[in-house]
$ cat protein_16.cif   # mmCIF, C-alpha atoms
data_query
#
loop_
_atom_site.label_atom_id
_atom_site.label_comp_id
_atom_site.auth_asym_id
_atom_site.auth_seq_id
_atom_site.Cartn_x
_atom_site.Cartn_y
_atom_site.Cartn_z
CA MET P 28 16.41 -7.09 8.01
CA VAL P 29 15.94 -3.72 9.68
CA VAL P 30 12.37 -2.43 9.77
CA LYS P 31 11.89 1.27 10.41
CA PRO P 32 8.57 2.95 11.16
CA VAL P 33 7.09 5.06 8.38
CA GLU P 34 7.51 8.69 9.36
CA THR P 35 4.93 11.42 8.84
CA ARG P 36 4.69 12.55 5.18
CA GLN P 37 6.56 9.42 3.95
CA LEU P 38 5.08 7.34 1.14
CA ALA P 39 5.18 3.59 1.72
CA PHE P 40 4.37 0.37 -0.16
CA ALA P 41 3.65 -2.43 2.28
CA PRO P 42 1.44 -5.45 2.96
CA GLY P 43 -1.97 -4.27 4.12
CA SER P 44 -4.08 -5.60 6.96
CA SER P 45 -6.79 -6.97 4.62
CA GLY P 46 -6.54 -10.45 3.19
CA TRP P 47 -7.75 -14.03 3.31
CA THR P 48 -6.60 -17.63 3.68
CA ASN P 49 -6.53 -19.56 0.39
CA ALA P 50 -7.37 -23.25 -0.18
CA GLN P 51 -3.77 -24.24 0.67
CA ALA P 52 -4.06 -22.48 4.06
CA GLU P 53 -1.67 -19.71 2.95
CA GLN P 54 -2.26 -16.16 4.15
CA MET P 55 -2.86 -13.81 1.22
CA ARG P 56 -2.48 -10.05 1.71
CA TRP P 57 -3.07 -7.03 -0.48
CA MET P 58 -0.17 -4.66 -1.00
CA GLU P 59 -0.99 -1.01 -0.45
CA VAL P 60 0.51 2.41 -1.05
CA PHE P 61 -0.05 4.83 1.79
CA LEU P 62 1.12 8.25 2.86
CA ARG P 63 1.62 8.52 6.61
CA GLY P 64 -0.27 11.59 7.84
CA GLY P 65 -1.66 12.29 4.38
CA ASN P 66 -3.59 10.83 1.46
CA ALA P 67 -1.70 8.81 -1.17
CA TRP P 68 -4.70 8.86 -3.52
CA GLU P 69 -4.64 12.67 -3.50
CA SER P 70 -0.84 12.67 -3.99
CA PHE P 71 -1.26 10.68 -7.22
CA ASN P 72 -3.99 13.05 -8.50
CA ARG P 73 -6.91 10.75 -7.62
CA PRO P 74 -6.31 7.89 -10.07
CA ALA P 75 -9.20 5.58 -10.94
CA ILE P 76 -9.29 2.11 -9.38
CA GLY P 77 -7.02 -0.23 -11.35
CA THR P 78 -4.84 2.55 -12.74
CA HIS P 79 -1.21 1.51 -13.20
CA ILE P 80 1.18 3.79 -11.33
CA ASN P 81 4.93 3.75 -11.95
CA ILE P 82 7.12 4.71 -9.00
CA SER P 83 10.79 5.31 -9.65
#
$ encode --input "protein_16.cif" --output "structure tokens"
Amino acid sequence: MVVKPVETRQLAFAPGSSGWTNAQAEQMRWMEVFLRGGNAWESFNRPAIGTHINIS
């Protein structure tokens, strides 16, 4: 697998840095959408928390 850095103004969906260890000692991580050098929330017109967003 080739991993490339996210360039400025690119939108990305990736595992975030926040998470926890569950009862089975597995690392759990949130997935996040981010816009390098920008604001993904603004790019999606400030959706409310829990809003479903379709990306195609």
$ resolve_selection --input "protein_16.cif" --expression "the PyMOL selection byres ((chain P and resi 35) around 9)" --output "PyMOL selection string"
chain P and resi 33-34+36-38+62-65
$ resolve_selection --input "protein_16.cif" --expression "the PyMOL selection byres ((chain P and resi 58) around 6)" --output "list in words"
Ala41, Pro42, Gly43, Trp57 and Glu59 of chain P
$ closest_residue --input "protein_16.cif" --among "P:Ala75, P:Ile80, P:Val30, P:Ala39" --to "Val60 of chain P" --atoms "all atoms listed in the file"
P:Ala39
$ build_atoms --input "protein_16.cif" --residues "segment 38-59 of chain P" --atoms "N, CA, C and O atoms" --output "mmCIF file, in the coordinates of the input"
data_model
loop_
_atom_site.group_PDB
_atom_site.id
_atom_site.type_symbol
_atom_site.label_atom_id
_atom_site.label_comp_id
_atom_site.auth_asym_id
_atom_site.auth_seq_id
_atom_site.Cartn_x
_atom_site.Cartn_y
_atom_site.Cartn_z
ATOM 1 N N LEU P 38 5.868 8.251 1.955
ATOM 2 C CA LEU P 38 5.080 7.340 1.140
ATOM 3 C C LEU P 38 5.620 5.943 1.346
ATOM 4 O O LEU P 38 6.842 5.753 1.385
ATOM 5 N N ALA P 39 4.748 4.961 1.486
ATOM 6 C CA ALA P 39 5.180 3.590 1.720
ATOM 7 C C ALA P 39 4.378 2.608 0.870
ATOM 8 O O ALA P 39 3.227 2.863 0.521
ATOM 9 N N PHE P 40 5.009 1.486 0.537
ATOM 10 C CA PHE P 40 4.370 0.370 -0.160
ATOM 11 C C PHE P 40 4.591 -0.835 0.733
ATOM 12 O O PHE P 40 5.738 -1.245 0.954
ATOM 13 N N ALA P 41 3.513 -1.383 1.267
ATOM 14 C CA ALA P 41 3.650 -2.430 2.280
ATOM 15 C C ALA P 41 2.444 -3.360 2.264
ATOM 16 O O ALA P 41 1.384 -2.999 1.758
ATOM 17 N N PRO P 42 2.594 -4.569 2.837
ATOM 18 C CA PRO P 42 1.440 -5.450 2.960
ATOM 19 C C PRO P 42 0.370 -4.784 3.822
ATOM 20 O O PRO P 42 0.672 -4.184 4.848
ATOM 21 N N GLY P 43 -0.865 -4.860 3.371
ATOM 22 C CA GLY P 43 -1.970 -4.270 4.120
ATOM 23 C C GLY P 43 -2.509 -5.225 5.171
ATOM 24 O O GLY P 43 -2.064 -6.363 5.300
ATOM 25 N N SER P 44 -3.478 -4.766 5.910
ATOM 26 C CA SER P 44 -4.080 -5.600 6.960
ATOM 27 C C SER P 44 -5.191 -6.490 6.408
ATOM 28 O O SER P 44 -5.586 -7.463 7.045
ATOM 29 N N SER P 45 -5.720 -6.176 5.218
ATOM 30 C CA SER P 45 -6.790 -6.970 4.620
ATOM 31 C C SER P 45 -6.227 -8.169 3.886
ATOM 32 O O SER P 45 -5.145 -8.101 3.298
ATOM 33 N N GLY P 46 -6.971 -9.258 3.904
ATOM 34 C CA GLY P 46 -6.540 -10.450 3.190
ATOM 35 C C GLY P 46 -7.449 -11.625 3.468
ATOM 36 O O GLY P 46 -8.546 -11.471 3.984
ATOM 37 N N TRP P 47 -6.976 -12.814 3.145
ATOM 38 C CA TRP P 47 -7.750 -14.030 3.310
ATOM 39 C C TRP P 47 -6.814 -15.221 3.371
ATOM 40 O O TRP P 47 -5.631 -15.115 3.093
ATOM 41 N N THR P 48 -7.348 -16.372 3.701
ATOM 42 C CA THR P 48 -6.600 -17.630 3.680
ATOM 43 C C THR P 48 -7.073 -18.413 2.467
ATOM 44 O O THR P 48 -8.275 -18.647 2.305
ATOM 45 N N ASN P 49 -6.142 -18.842 1.603
ATOM 46 C CA ASN P 49 -6.530 -19.560 0.390
ATOM 47 C C ASN P 49 -6.762 -21.051 0.693
ATOM 48 O O ASN P 49 -6.619 -21.496 1.842
ATOM 49 N N ALA P 50 -7.063 -21.830 -0.340
ATOM 50 C CA ALA P 50 -7.370 -23.250 -0.180
ATOM 51 C C ALA P 50 -6.188 -24.068 0.338
ATOM 52 O O ALA P 50 -6.366 -25.155 0.888
ATOM 53 N N GLN P 51 -4.978 -23.556 0.172
ATOM 54 C CA GLN P 51 -3.770 -24.240 0.670
ATOM 55 C C GLN P 51 -3.372 -23.738 2.056
ATOM 56 O O GLN P 51 -2.275 -24.013 2.530
ATOM 57 N N ALA P 52 -4.256 -23.023 2.710
ATOM 58 C CA ALA P 52 -4.060 -22.480 4.060
ATOM 59 C C ALA P 52 -2.936 -21.435 4.117
ATOM 60 O O ALA P 52 -2.322 -21.230 5.157
ATOM 61 N N GLU P 53 -2.676 -20.771 2.980
ATOM 62 C CA GLU P 53 -1.670 -19.710 2.950
ATOM 63 C C GLU P 53 -2.367 -18.362 3.161
ATOM 64 O O GLU P 53 -3.449 -18.131 2.623
ATOM 65 N N GLN P 54 -1.721 -17.501 3.930
ATOM 66 C CA GLN P 54 -2.260 -16.160 4.150
ATOM 67 C C GLN P 54 -1.970 -15.295 2.932
ATOM 68 O O GLN P 54 -0.824 -15.194 2.505
ATOM 69 N N MET P 55 -2.985 -14.700 2.372
ATOM 70 C CA MET P 55 -2.860 -13.810 1.220
ATOM 71 C C MET P 55 -3.146 -12.391 1.705
ATOM 72 O O MET P 55 -4.096 -12.173 2.451
ATOM 73 N N ARG P 56 -2.315 -11.444 1.294
ATOM 74 C CA ARG P 56 -2.480 -10.050 1.710
ATOM 75 C C ARG P 56 -2.389 -9.132 0.506
ATOM 76 O O ARG P 56 -1.595 -9.357 -0.404
ATOM 77 N N TRP P 57 -3.172 -8.078 0.516
ATOM 78 C CA TRP P 57 -3.070 -7.030 -0.480
ATOM 79 C C TRP P 57 -1.851 -6.184 -0.164
ATOM 80 O O TRP P 57 -1.483 -6.009 0.984
ATOM 81 N N MET P 58 -1.229 -5.651 -1.192
ATOM 82 C CA MET P 58 -0.170 -4.660 -1.000
ATOM 83 C C MET P 58 -0.828 -3.298 -1.146
ATOM 84 O O MET P 58 -1.759 -3.131 -1.941
ATOM 85 N N GLU P 59 -0.375 -2.333 -0.374
ATOM 86 C CA GLU P 59 -0.990 -1.010 -0.450
ATOM 87 C C GLU P 59 0.059 0.092 -0.439
ATOM 88 O O GLU P 59 1.147 -0.075 0.093
#
